[in-house]
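The structure appears right after this line, and notes come after that.
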Amino acid sequence: MRAQSADGRPATDGLSPVQRFERMALIRSFELKVSELYRDGDIPGFVHTSLGQEAVAVGVCGRLARDDYVATTHRGHGHCLAKGADPGAMMAELFAKGTGLCHGKGGSMHVADPGHGILGANAIVGASIPIAVGAGLSSRLLGQDRVSVAFFGEGSVNQGAFHEAANLAAIWDLPVLFVCENNLYAEFTDSSRMSRVPSVTARCAAYGIEAHEVDGNDVAAVSEAVDDALGRCRSGSGPILLEAHTYRWQGHYEGDAQPYKPEAEVTNWKARDPLVLERGRLVVAGEATAEDLDAAVRGAEDIVERAVSDARQADDPDPMEAYADVLINA
Amino acid sequence: MRAQSADGRPATDGLSPVQRFERMALIRSFELKVSELYRDGDIPGFVHTSLGQEAVAVGVCGRLARDDYVATTHRGHGHCLAKGADPGAMMAELFAKGTGLCHGKGGSMHVADPGHGILGANAIVGASIPIAVGAGLSSRLLGQDRVSVAFFGEGSVNQGAFHEAANLAAIWDLPVLFVCENNLYAEFTDSSRMSRVPSVTARCAAYGIEAHEVDGNDVAAVSEAVDDALGRCRSGSGPILLEAHTYRWQGHYEGDAQPYKPEAEVTNWKARDPLVLERGRLVVAGEATAEDLDAAVRGAEDIVERAVSDARQADDPDPMEAYADVLINA
Amino acid sequence: MSSSTPETVAAATRYLDAITQGLADALAEDEHVVLIGIDVGAGGGIFAATRGLHERFGPERVLDTPISEMGYVGAAVGAAMTGLRPIVEIMFMDFVTVCLDPIVNQAAKLPYMTAGALSVPIVFRTQTGAGRSAGAQHSQSLEVMFAHVPGLKVVMPATVTDAHDLLLDSVRDPNPVLFIENRRLYGMRGELDQDPLPLGRARIARAGDEVTVVTWGQSLRECLAAADRSEVSLEVLDLRSLVPLDIETVLESVSRTGRLLVVHEAVQDFGAGAEIAARVADELFDELLTPVRRLGAPAVPMPFSPLLERSLLPNADAIAEAATSLRKEG
Amino acid sequence: MSSSTPETVAAATRYLDAITQGLADALAEDEHVVLIGIDVGAGGGIFAATRGLHERFGPERVLDTPISEMGYVGAAVGAAMTGLRPIVEIMFMDFVTVCLDPIVNQAAKLPYMTAGALSVPIVFRTQTGAGRSAGAQHSQSLEVMFAHVPGLKVVMPATVTDAHDLLLDSVRDPNPVLFIENRRLYGMRGELDQDPLPLGRARIARAGDEVTVVTWGQSLRECLAAADRSEVSLEVLDLRSLVPLDIETVLESVSRTGRLLVVHEAVQDFGAGAEIAARVADELFDELLTPVRRLGAPAVPMPFSPLLERSLLPNADAIAEAATSLRKEG
Ligand SMILES: Cc1ncc(C[n+]2csc(CCOP(=O)(O)OP(=O)(O)O)c2C)c(N)n1
Ligand SMILES: Cc1ncc(C[n+]2csc(CCOP(=O)(O)OP(=O)(O)O)c2C)c(N)n1
Ligand SMILES: [Mg+2]
Ligand SMILES: [Mg+2]
């Protein structure tokens with residue numbers, strides 16, 4: 001019944017190339033809409049979008065099974081959608097509605113969906129990395145073959161949490177896939193100024209962790225690298241790191257005017273739009289027609305429109321939700 | 001008036017080979033006596049001795065000027081003595097007397113002597129590393145040419161504090177000398193099990209920090225490596241790390257029976273006693289006679305005996321000391 | 001002792017052995033329970049609390065870690081989110097300063113932020129205990145920091161049976177629990193109850209009718225000693241946990257005695273005693289015969305000197321004196 | 001404004017501008033002052049608090065750091081020990097969980113542990129402020145954690161002039177100071193005093209004679225609003241700092257009014273309000289007409305939903321109601 005991936009792992013959620021395109025289109029639509037809604041004051045709190053980085057989320061999560069784990073950061077919408085979170089429930093969460101994935105108590109920086117293996121976005125830089133390692137520990141000790149993926153930015157590599165967690169995963173040979181999205185910036189800072197060794201791949205040698213660079217704007221390349229890595233992770237040889245080179249189109253948070261970015265840099269990276277690249281590849285390879293893909297984009301837009309209108313109409317959380325889930329009754 | 005070291009730095013405290021031997025003998029006597037006193041209940045609290053590691057302390061501190069900084073760990077007696085702290089005031093501190101370096105308020109894990117640039121031992125593994133980096137920052141920003149030395153064990157390299165501080169010193173090009181005493185163990189644990197990359201030198205590549213290994217039981221070799229490194233540190237090219245291979249003779253703390261150590265390992269390392277090695281070198285090279293060195297050892301023992309008898313007779317701290325130095329009057 | 005516990009424990013068990021037994025029982029009764037910490041494995045723990053467990057349950061259940069508290073405590077939280085029930089050791093309570101995030105920002109908040117979709121059944125096991133010249137960085141009782149953070153239980157066993165029973169209860173609890181032992185009590189002997197009092201209930205350790213004394217941790221012994229020698233009749237309550245706070249038992253007692261003294265080893269200013277004092281002074285405003293008094297350590301770091309340290313800790317004499325003076329006041 | 005300050009600040013200054021001005025004044029008056037933090041430099045700070053300072057004082061005085069709080073806060077402590085007077089920024093108060101050690105175990109204790117041989121003149125500058133849907137990990141007021149630790153001053157400016165004056169006082173203070181801004185106040189306008197009240201003194205923000213209301217931080221505004229609308233006459237005290245605690249001013253006021261309400265944004269349970277309530281209930285036992293009441297947030301993490309969040313924060317209505325009920329009680 002279930003599709004099998006190269007390494008024999010059931011991969012119900014393993015996406016075909018066209019499905020990957022659809023998923024990227026969904027993230028693109030979702031994030032564009034969120035940006036607009038935030039500007040208009042419809043979404044409260046802090047919001048960090050992943051526009052421009054869609055191929056990493058889909059390239060990675062498109063190869064995972066539903067019960068593989070993902071732990072992510074403040075910039076986690078794309079990862080959650082790619083891993084299968086319901087766009088409606090996610091949008092409702094961003095609107096702080098009772099129908100949201102977390103009943104409006106988490107918000108953009110804390111969306112989680114354990115039913116899809118999503119252990120949550122996280123607002124503390126670096127904090128989700130040890131959490132992902134812990135999920136890998138569970139998988140190993142419970143004799144499961146789940147892989148645990150930690151998504152994080154290149155800026156968080158300078159946190160002690162990365163250092164300690166990477167080392168731990170290595171000595172315990174845990175099935176952890178570290179995915180570093182190197183989008184060049186951490187907030188307003190050019191990350192290459194913050195280490196003498198800007199290559200995260202190179203820094204992995206300190207942990208004895210095999211690391212590879214990949215074009216993070218090429219979803220097929222990411223998928224392939226991930227497939228390769230997953231097999232090894234599951235075989236018990238320990239963690240692997242992928243450094244995906246990509247670019248953050250928007251400001252660090254919505255509202256950041258990004259005066260610190262050179263114009264040419266923005267232009268060059270936008271010219272390598274991961275959706276445009278993949279569209280080209282699919283059409284040239286004959287895997288889809290331009291019409292199919294246009295339909296996919298419209299389909300994604302429809303899903304997002306529906307998510308927004310549902311979220312708008314949804315009820316606020318019950319006032320008693322404020323007091324629930326602090327301590328579970330023993 | 002002042003002696004000049006190779007790099008033109010005034011080095012009043014630069015020790016001659018015979019002085020180095022004297023200083024090592026002082027540390028040896030001091031630590032042996034402390035171990036005995038602790039066993040007999042004369043010294044309270046936790047005590048970690050540096051027996052077997054004397055050549056690192058003296059090889060490094062013997063090349064520093066009085067105003068260069070040193071920050072160290074729970075195992076800091078040797079570093080403090082080597083840097084010039086008064087053995088009497090140190091012993092009195094271990095006895096918790098009012099005449100102690102810290103008036104009996106610090107103890108073995110917190111001896112400090114800012115007058116000799118000693119920023120303190122520290123009971124939190126890893127914590128002194130950022131402190132040393134901060135002293136290097138002061139030196140650079142205040143236009144001084146002081147070097148700041150961070151002593152730490154190989155076990156603390158797995159702490160986030162090391163990772164963050166090393167990276168910071170590197171990007172800020174600070175005059176910091178990281179001295180990792182690799183004595184194979186962190187408490188009861190063989191440190192090589194706690195990283196896939198047990199070489200601390202190799203791990204430094206992640207920070208772009210030049211690193212060298214040195215025989216930590218050979219005081220002349222350590223001195224030479226330090227001389228080399230200090231010149232570069234002071235020139236503005238940033239931090240350097242020395243990994244000194246050495247061995248902890250005693251248990252992690254006094255009272256630890258060390259069942260975890262293979263007997264042959266202990267025997268082999270004790271055969272490379274840093275004092276015996278240096279004695280041989282000095283005599284062969286004609287830099288000192290056996291009699292000179294015996295006299296040096298007796299001199300050291302006398303100093304330690306006096307330190308102990310003074311400490312025994314010294315007054316307890318004034319009871320009001322308990323309330324002093326919490327907040328300074330503004 | 002819990003009925004589900006197969007092992008029997010000799011009469012007049014030491015507090016430390018009761019901990020070991022509690023750990024063994026927890027490991028034996030639920031295969032999802034794992035121990036994680038520095039030297040908890042082959043080394044048996046620096047206080048020997050985990051001695052024998054590594055041999056009995058194997059290295060997959062009892063895991064040694066590098067000196068990487070942020071990493072391994074964070075990983076333990078991730079493991080608790082995904083099916084394991086970790087007991088993770090923070091060797092000294094003072095070391096929470098290097099791993100506060102996984103406790104305070106992750107474990108305490110994830111169930112709430114995810115509206116209950118995630119739970120974090122974990123025990124953070126640590127110990128404190130001033131009075132042994134461990135110095136300012138190894139002597140702190142920081143329980144108020146955690147009692148103040150919603151989403152955590154805070155347990156402080158003061159008796160031999162509680163060392164065992166509350167530990168088992170904590171492991172079985174579906175919430176994150178900070179379990180704070182006191183190393184001054186490790187050698188204390190006592191009996192294990194056949195019918196343990198559940199977590200969340202205070203215990204009347206000594207019945208009396210003139211002054212209620214509320215305490216927890218090692219101060220219980222001092223309070224009982226004070227009760228022994230005082231002419232005033234003291235009712236001594238062992239709180240056992242700060243969260244949940246069994247304020248009912250406290251109010252019931254004070255409404256009988258009309259007087260309350262709160263005693264703890266932690267610094268008095270802004271300590272946990274203030275909450276109890278404030279609650280009782282509010283709720284029993286009309287019943288109180290005298291003001292609620294507190295006795296904690298003064299606002300100074302713990303000095304190394306045994307003499308100075310002793311002068312700062314609330315002892316039986318000071319407690320008896322405070323009780324007598326309360327009795328005289330009204 | 002301080003007489004030694006050359007700059008003048010326009011009337012009706014914003015709280016945020018008063019901070020910037022305070023930083024500029026501190027940098028201008030003492031060349032040992034440096035700013036250190038994430039994006040405090042060229043980026044001007046994520047709230048623009050440091051805007052223009054990098055340009056004006058240069059990169060040697062205003063230092064951008066990697067995302068390495070443990071490293072750079074620790075380094076700032078080391079710098080403070082060796083001649084600099086750093087103002088180090090912790091972007092959100094919630095992030096103290098990744099850098100508590102240098103604050104609590106190092107800066108707070110080193111002067112004491114060294115019997116005053118070392119001093120640590122440093123300002124830890126941070127901000128808090130619930131009420132903007134920042135989520136549970138970006139909304140905490142954790143001041144009690146620091147007020148409880150001997151050796152730290154804890155300052156919480158609630159007015160525009162204090163944002164400037166207390167900041168300058170903090171920088172000039174020879175002790176480590178935790179300076180906690182409130183981002184909800186950043187846009188608030190007010191005047192700068194010609195003759196600032198020194199650090200350590202509470203301010204009578206509104207005179208009254210029926211109920212004393214003690215508060216700090218953003219709650220001051222709510223308390224003043226409550227005073228405006230209440231038929232009861234409220235005397236509102238702005239505490240300004242928790243350490244030093246100006247209990248005299250509080251006692252003086254309550255001995256006049258006979259009633260006390262303590263209000264803060266932090267969680268009520270085990271919060272700083274408990275200390276004030278306990279002190280006053282003890283010292284004014286015979287004068288109090290009614291029990292001391294507290295109004296803080298309930299023991300839940302802050303939810304994302306603006307609606308839920310609003311329902312948890314003490315507001316003017318709740319304060320007025322509590323005051324009225326106190327007035328009615330006696
Ligand atoms: C411990 C901590 N420090 C600082 C921050 C503020 N912060 C949020 S995101 C961010 C930059 C992260 O950069 P990177 O890891 O490269 O991720 P990206 O934003 O580029 O996806 C910073 C500094 C935080 N949330 N947590
Ligand atoms: C943060 C922290 N974690 C754990 C400890 C307990 N501890 C004290 S020394 C030590 C081992 C240190 O090993 P290493 O760095 O190799 O130094 P060595 O003792 O060999 O000199 C440990 C784990 C501590 N003091 N601080
Ligand atoms: Mg980035
Ligand atoms: Mg070692």
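Just remember, in the structure tokens the first chain shown is A, the second B, etc., residues are 1-based per chain, and ligands are 1-based in the order shown.
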### Task
Taking only C-alpha atoms into account, report as a ChimeraX atom specification which residues of chain C lie within 9 Å of chain A.
/C:32,60-61,65-84,101-102,105-106,108-119,150-153,172-176
### Task
Select residues of chain A: the criterion is any atom within 6 Å of an atom of chain B, counting only C-alpha atoms; output as a VMD selection string.
chain A and resid 160 171 195 to 197 203 206 to 208
### Message
8 Å from ligand 4 is the threshold here; counting only C-alpha atoms and all ligand atoms, which polymer residues fall inside it? Answer as a PyMOL selection string.
### Response
chain B and resi 153-156+181-187+191+248
Save the residues we just selected, all heavy atoms, as a compact mmCIF listing (two decimals), in the first residue's frame?
# COMPACT_ATOMS: atom_id res chain seq x y z
N GLY B 153 40.17 22.69 30.96
CA GLY B 153 40.41 21.28 30.67
C GLY B 153 39.75 20.87 29.36
O GLY B 153 38.89 21.57 28.83
N GLU B 154 40.14 19.71 28.86
CA GLU B 154 39.56 19.22 27.60
C GLU B 154 38.07 18.95 27.76
O GLU B 154 37.30 19.06 26.80
CB GLU B 154 40.31 17.99 27.10
CG GLU B 154 39.93 16.65 27.73
CD GLU B 154 40.21 16.57 29.22
OE1 GLU B 154 41.08 17.31 29.72
OE2 GLU B 154 39.55 15.76 29.90
N GLY B 155 37.63 18.63 28.98
CA GLY B 155 36.21 18.35 29.17
C GLY B 155 35.34 19.57 28.94
O GLY B 155 34.20 19.47 28.48
N SER B 156 35.88 20.74 29.24
CA SER B 156 35.07 21.96 29.14
C SER B 156 34.89 22.43 27.70
O SER B 156 34.10 23.33 27.44
CB SER B 156 35.67 23.06 30.00
OG SER B 156 36.93 23.40 29.51
N GLU B 181 44.40 22.22 28.94
CA GLU B 181 45.18 21.13 29.53
C GLU B 181 44.42 19.84 29.32
O GLU B 181 43.42 19.58 29.99
CB GLU B 181 45.39 21.39 31.03
CG GLU B 181 46.32 22.56 31.26
CD GLU B 181 46.61 22.77 32.74
OE1 GLU B 181 47.43 22.03 33.31
OE2 GLU B 181 46.02 23.70 33.32
N ASN B 182 44.88 19.09 28.34
CA ASN B 182 44.23 17.82 28.05
C ASN B 182 44.83 16.74 28.94
O ASN B 182 45.88 16.18 28.63
CB ASN B 182 44.39 17.49 26.57
CG ASN B 182 43.49 16.33 26.17
OD1 ASN B 182 43.13 15.49 27.01
ND2 ASN B 182 43.12 16.26 24.91
N ASN B 183 44.15 16.48 30.06
CA ASN B 183 44.65 15.48 31.02
C ASN B 183 43.84 14.17 30.93
O ASN B 183 43.82 13.38 31.85
CB ASN B 183 44.65 16.05 32.44
CG ASN B 183 43.25 16.41 32.91
OD1 ASN B 183 42.27 16.11 32.23
ND2 ASN B 183 43.14 17.04 34.06
N LEU B 184 43.19 14.00 29.81
CA LEU B 184 42.47 12.76 29.44
C LEU B 184 41.14 12.54 30.14
O LEU B 184 40.27 11.85 29.61
CB LEU B 184 43.33 11.50 29.64
CG LEU B 184 44.71 11.49 28.99
CD1 LEU B 184 45.32 10.09 29.12
CD2 LEU B 184 44.64 11.88 27.52
N TYR B 185 40.95 13.11 31.32
CA TYR B 185 39.73 12.83 32.07
C TYR B 185 38.97 14.10 32.42
O TYR B 185 39.55 15.17 32.64
CB TYR B 185 40.07 12.09 33.37
CG TYR B 185 40.52 10.68 33.12
CD1 TYR B 185 41.86 10.40 32.89
CD2 TYR B 185 39.60 9.65 33.04
CE1 TYR B 185 42.28 9.10 32.61
CE2 TYR B 185 40.01 8.35 32.76
CZ TYR B 185 41.34 8.09 32.55
OH TYR B 185 41.74 6.80 32.26
N ALA B 186 37.67 13.96 32.45
CA ALA B 186 36.79 14.96 33.03
C ALA B 186 36.04 14.19 34.12
O ALA B 186 35.27 13.27 33.82
CB ALA B 186 35.83 15.52 32.01
N GLU B 187 36.32 14.52 35.36
CA GLU B 187 35.83 13.72 36.47
C GLU B 187 36.19 12.24 36.25
O GLU B 187 37.34 11.92 36.07
CB GLU B 187 34.31 13.89 36.68
CG GLU B 187 33.96 15.25 37.25
CD GLU B 187 32.46 15.34 37.60
OE1 GLU B 187 31.73 14.35 37.40
OE2 GLU B 187 32.03 16.39 38.07
N SER B 191 37.67 11.39 28.45
CA SER B 191 37.11 12.43 27.57
C SER B 191 37.07 12.03 26.11
O SER B 191 36.30 12.60 25.34
CB SER B 191 37.90 13.73 27.72
OG SER B 191 37.67 14.28 29.00
N ARG B 248 46.48 14.02 34.94
CA ARG B 248 46.09 14.34 36.31
C ARG B 248 46.47 13.17 37.20
O ARG B 248 45.92 12.09 37.03
CB ARG B 248 44.56 14.54 36.29
CG ARG B 248 43.91 15.08 37.52
CD ARG B 248 42.39 14.91 37.41
NE ARG B 248 41.98 13.55 37.74
CZ ARG B 248 40.83 12.98 37.37
NH1 ARG B 248 39.95 13.63 36.63
NH2 ARG B 248 40.55 11.75 37.73
### Task
Hey, list the chain C side of the contact with chain D: 8 Å cut-off, only C-alpha atoms, answer as a ChimeraX atom specification.
/C:94-95,97-101,104-105,109,112-113,136-137,144-145,147-151,267-272,274-275,277-278,281-283,285,290-293,299-301,303
### Message
I'd like the contact shell of Asp68 in chain B - 9 Å cut-off, only C-alpha atoms, skipping same-chain residues fewer than 4 positions apart - returned as a ChimeraX atom specification.
### Response
/B:64,116-118,145-149
Give me a file of those residues, with N, CA and C atoms, as an mmCIF file, in the first residue's frame.
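Okay, out.cif is ready:
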data_model
loop_
_atom_site.group_PDB
_atom_site.id
_atom_site.type_symbol
_atom_site.label_atom_id
_atom_site.label_comp_id
_atom_site.auth_asym_id
_atom_site.auth_seq_id
_atom_site.Cartn_x
_atom_site.Cartn_y
_atom_site.Cartn_z
ATOM 1 N N LEU B 64 54.654 35.099 31.136
ATOM 2 C CA LEU B 64 53.724 36.242 31.173
ATOM 3 C C LEU B 64 54.276 37.367 32.036
ATOM 4 N N HIS B 116 48.100 40.316 40.634
ATOM 5 C CA HIS B 116 48.957 39.538 39.742
ATOM 6 C C HIS B 116 48.228 39.156 38.455
ATOM 7 N N GLY B 117 47.169 39.848 38.166
ATOM 8 C CA GLY B 117 46.444 39.569 36.924
ATOM 9 C C GLY B 117 45.611 38.305 36.983
ATOM 10 N N ILE B 118 45.463 37.736 38.176
ATOM 11 C CA ILE B 118 44.723 36.479 38.303
ATOM 12 C C ILE B 118 43.242 36.772 38.542
ATOM 13 N N ASP B 145 48.959 46.236 25.941
ATOM 14 C CA ASP B 145 49.408 45.052 25.205
ATOM 15 C C ASP B 145 49.388 43.803 26.078
ATOM 16 N N ARG B 146 48.485 43.805 27.039
ATOM 17 C CA ARG B 146 48.342 42.621 27.883
ATOM 18 C C ARG B 146 47.719 41.468 27.116
ATOM 19 N N VAL B 147 48.198 40.289 27.414
ATOM 20 C CA VAL B 147 47.561 39.089 26.880
ATOM 21 C C VAL B 147 46.691 38.487 27.979
ATOM 22 N N SER B 148 45.629 37.878 27.575
ATOM 23 C CA SER B 148 44.746 37.221 28.538
ATOM 24 C C SER B 148 44.771 35.727 28.278
ATOM 25 N N VAL B 149 45.056 34.975 29.307
ATOM 26 C CA VAL B 149 45.158 33.517 29.171
ATOM 27 C C VAL B 149 43.943 32.843 29.816
#
### Distance in Å - atom 25 (N, counted along the ligand's line) of ligand 1 versus CA of His74 in chain A
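Distance between the two atoms: 7.4 Å.
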### DSSP-assigned strand (DSSP E or B) members of range 154-322 of chain C, reported as number ranges by chain
C: 154-155, 177-182, 189-190, 203-206, 211-215, 234-238, 241-243, 260-267, 293-297
#### Entry: Surrounding residues of Leu53 in chain C excluding itself and chain neighbours under 3 positions, 9 Å, only C-alpha atoms, as a PyMOL selection string
chain C and resi 20+23-24+27+40-42+44+50+56-58+61-62
Could you save those same residues with C-alpha atoms as a compact mmCIF listing (two decimals), in the first residue's frame?
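Everything below was put into again-v4.txt:
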# COMPACT_ATOMS: atom_id res chain seq x y z
CA THR C 20 19.09 5.27 44.41
CA LEU C 23 15.72 5.65 40.58
CA ALA C 24 15.96 1.85 40.39
CA LEU C 27 13.73 2.33 35.81
CA VAL C 40 25.65 9.08 36.24
CA GLY C 41 26.63 5.95 34.36
CA ALA C 42 29.71 3.83 34.93
CA GLY C 44 27.82 5.97 39.58
CA THR C 50 23.29 6.23 40.66
CA ARG C 56 21.80 -3.22 36.17
CA PHE C 57 19.95 -1.37 33.43
CA GLY C 58 22.67 -0.94 30.83
CA ARG C 61 18.93 3.32 30.04
CA VAL C 62 21.63 5.15 31.96
### Message
DSSP on the backbone: which residues in range 64-245 of chain C end up as helix (DSSP H, G or I)? Give the answer as a PyMOL selection string.
### Response
chain C and resi 69-80+93-98+100-107+110-113+143-147+160-172+183-185+219-229
Take the residues from that selection and put them in a file with C-alpha atoms, as a PDB file, in the first residue's frame.
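Result file is out29.pdb:
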ATOM      1  CA  GLU C  69      24.144  20.818  30.230  1.00  0.00           C
ATOM      2  CA  MET C  70      22.354  23.004  27.695  1.00  0.00           C
ATOM      3  CA  GLY C  71      22.678  20.237  25.140  1.00  0.00           C
ATOM      4  CA  TYR C  72      21.763  17.219  27.216  1.00  0.00           C
ATOM      5  CA  VAL C  73      19.035  18.867  29.283  1.00  0.00           C
ATOM      6  CA  GLY C  74      17.548  20.216  26.051  1.00  0.00           C
ATOM      7  CA  ALA C  75      17.815  16.782  24.475  1.00  0.00           C
ATOM      8  CA  ALA C  76      16.119  15.247  27.494  1.00  0.00           C
ATOM      9  CA  VAL C  77      13.232  17.663  27.003  1.00  0.00           C
ATOM     10  CA  GLY C  78      13.021  16.646  23.358  1.00  0.00           C
ATOM     11  CA  ALA C  79      13.075  12.995  24.404  1.00  0.00           C
ATOM     12  CA  ALA C  80      10.272  13.600  26.902  1.00  0.00           C
ATOM     13  CA  MET C  93      21.582  23.357  41.492  1.00  0.00           C
ATOM     14  CA  ASP C  94      23.910  26.273  40.758  1.00  0.00           C
ATOM     15  CA  PHE C  95      24.443  24.793  37.283  1.00  0.00           C
ATOM     16  CA  VAL C  96      20.895  25.626  36.225  1.00  0.00           C
ATOM     17  CA  THR C  97      22.521  28.888  35.153  1.00  0.00           C
ATOM     18  CA  VAL C  98      23.956  27.088  32.133  1.00  0.00           C
ATOM     19  CA  LEU C 100      17.826  27.302  32.208  1.00  0.00           C
ATOM     20  CA  ASP C 101      16.297  27.579  28.775  1.00  0.00           C
ATOM     21  CA  PRO C 102      15.173  23.978  28.289  1.00  0.00           C
ATOM     22  CA  ILE C 103      13.599  24.038  31.744  1.00  0.00           C
ATOM     23  CA  VAL C 104      11.979  27.467  31.822  1.00  0.00           C
ATOM     24  CA  ASN C 105      11.285  28.298  28.193  1.00  0.00           C
ATOM     25  CA  GLN C 106      10.777  24.828  26.766  1.00  0.00           C
ATOM     26  CA  ALA C 107       9.557  22.189  29.216  1.00  0.00           C
ATOM     27  CA  LEU C 110       5.441  23.674  25.512  1.00  0.00           C
ATOM     28  CA  PRO C 111       2.313  21.959  26.804  1.00  0.00           C
ATOM     29  CA  TYR C 112       0.633  25.343  27.162  1.00  0.00           C
ATOM     30  CA  MET C 113       1.861  26.800  23.887  1.00  0.00           C
ATOM     31  CA  GLU C 143      13.854  27.081  44.153  1.00  0.00           C
ATOM     32  CA  VAL C 144      11.992  30.373  43.938  1.00  0.00           C
ATOM     33  CA  MET C 145      13.241  30.874  40.377  1.00  0.00           C
ATOM     34  CA  PHE C 146      11.315  27.778  39.360  1.00  0.00           C
ATOM     35  CA  ALA C 147       8.302  28.069  41.628  1.00  0.00           C
ATOM     36  CA  VAL C 160      14.247   9.543  53.681  1.00  0.00           C
ATOM     37  CA  THR C 161      10.876   8.233  52.628  1.00  0.00           C
ATOM     38  CA  ASP C 162      10.174  11.313  50.533  1.00  0.00           C
ATOM     39  CA  ALA C 163      13.527  10.951  48.821  1.00  0.00           C
ATOM     40  CA  HIS C 164      12.118   7.707  47.477  1.00  0.00           C
ATOM     41  CA  ASP C 165       8.398   8.301  47.292  1.00  0.00           C
ATOM     42  CA  LEU C 166       8.394  11.799  45.858  1.00  0.00           C
ATOM     43  CA  LEU C 167      10.994  10.766  43.318  1.00  0.00           C
ATOM     44  CA  LEU C 168       8.762   7.958  42.081  1.00  0.00           C
ATOM     45  CA  ASP C 169       5.766  10.277  42.075  1.00  0.00           C
ATOM     46  CA  SER C 170       7.756  12.821  40.099  1.00  0.00           C
ATOM     47  CA  VAL C 171       8.736  10.281  37.481  1.00  0.00           C
ATOM     48  CA  ARG C 172       5.131   9.139  37.153  1.00  0.00           C
ATOM     49  CA  ARG C 183      23.246  16.747  49.889  1.00  0.00           C
ATOM     50  CA  ARG C 184      23.475  17.596  53.575  1.00  0.00           C
ATOM     51  CA  LEU C 185      20.771  14.984  54.044  1.00  0.00           C
ATOM     52  CA  SER C 219      15.827  23.137  57.244  1.00  0.00           C
ATOM     53  CA  LEU C 220      13.261  20.588  58.393  1.00  0.00           C
ATOM     54  CA  ARG C 221      15.865  18.964  60.639  1.00  0.00           C
ATOM     55  CA  GLU C 222      16.706  22.280  62.213  1.00  0.00           C
ATOM     56  CA  CYS C 223      13.045  23.037  62.769  1.00  0.00           C
ATOM     57  CA  LEU C 224      12.475  19.667  64.419  1.00  0.00           C
ATOM     58  CA  ALA C 225      15.526  20.204  66.606  1.00  0.00           C
ATOM     59  CA  ALA C 226      14.138  23.598  67.545  1.00  0.00           C
ATOM     60  CA  ALA C 227      10.796  22.006  68.379  1.00  0.00           C
ATOM     61  CA  ASP C 228      12.614  19.539  70.620  1.00  0.00           C
ATOM     62  CA  ARG C 229      14.294  22.170  72.700  1.00  0.00           C
TER      63      ARG C 229
END
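Distance annotation: of A:Gly251, A:Pro44, A:Gly280, A:Gly238, the residue with the minimal separation from ligand 3 is A:Gly251; atom set is only C-alpha atoms and all ligand atoms.
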### Task
Would you please work out which residue, of D:Ala12, D:Met156, D:Ala18, D:Leu35, is nearest to His264 in chain D when using only C-alpha atoms?
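So, comparing all the options, the nearest one is D:Met156.
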### Task
Excluding Ala244 in chain A and any residue of its chain fewer than 3 positions from it, enumerate the residues within 12 Å of it, using only C-alpha atoms, and give them as a ChimeraX atom specification.
/A:53-57,59-60,151-154,178-184,199-201,211-219,221-223,225-226,241,247
### Query
Quick one: distance from CA of Leu63 in chain C to CA of Ile36 in chain C in Å, one decimal?
4.8 Å
### Task
Excluding Gly236 in chain A and residues on its chain fewer than 2 positions from it, collect all residues at most 8 Å away from it, counting only C-alpha atoms, and give them as a list in words.
Asp173, Leu174, Pro175, Arg232, Cys233, Arg234 and Gly238 of chain A
### Message
Would you compute the distance between CA of Val154 in chain C and CA of Ile204 in chain C? Give it in Å to one decimal.
### Response
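About the pair CA of Val154 in chain C and CA of Ile204 in chain C: they are 18.9 Å apart.
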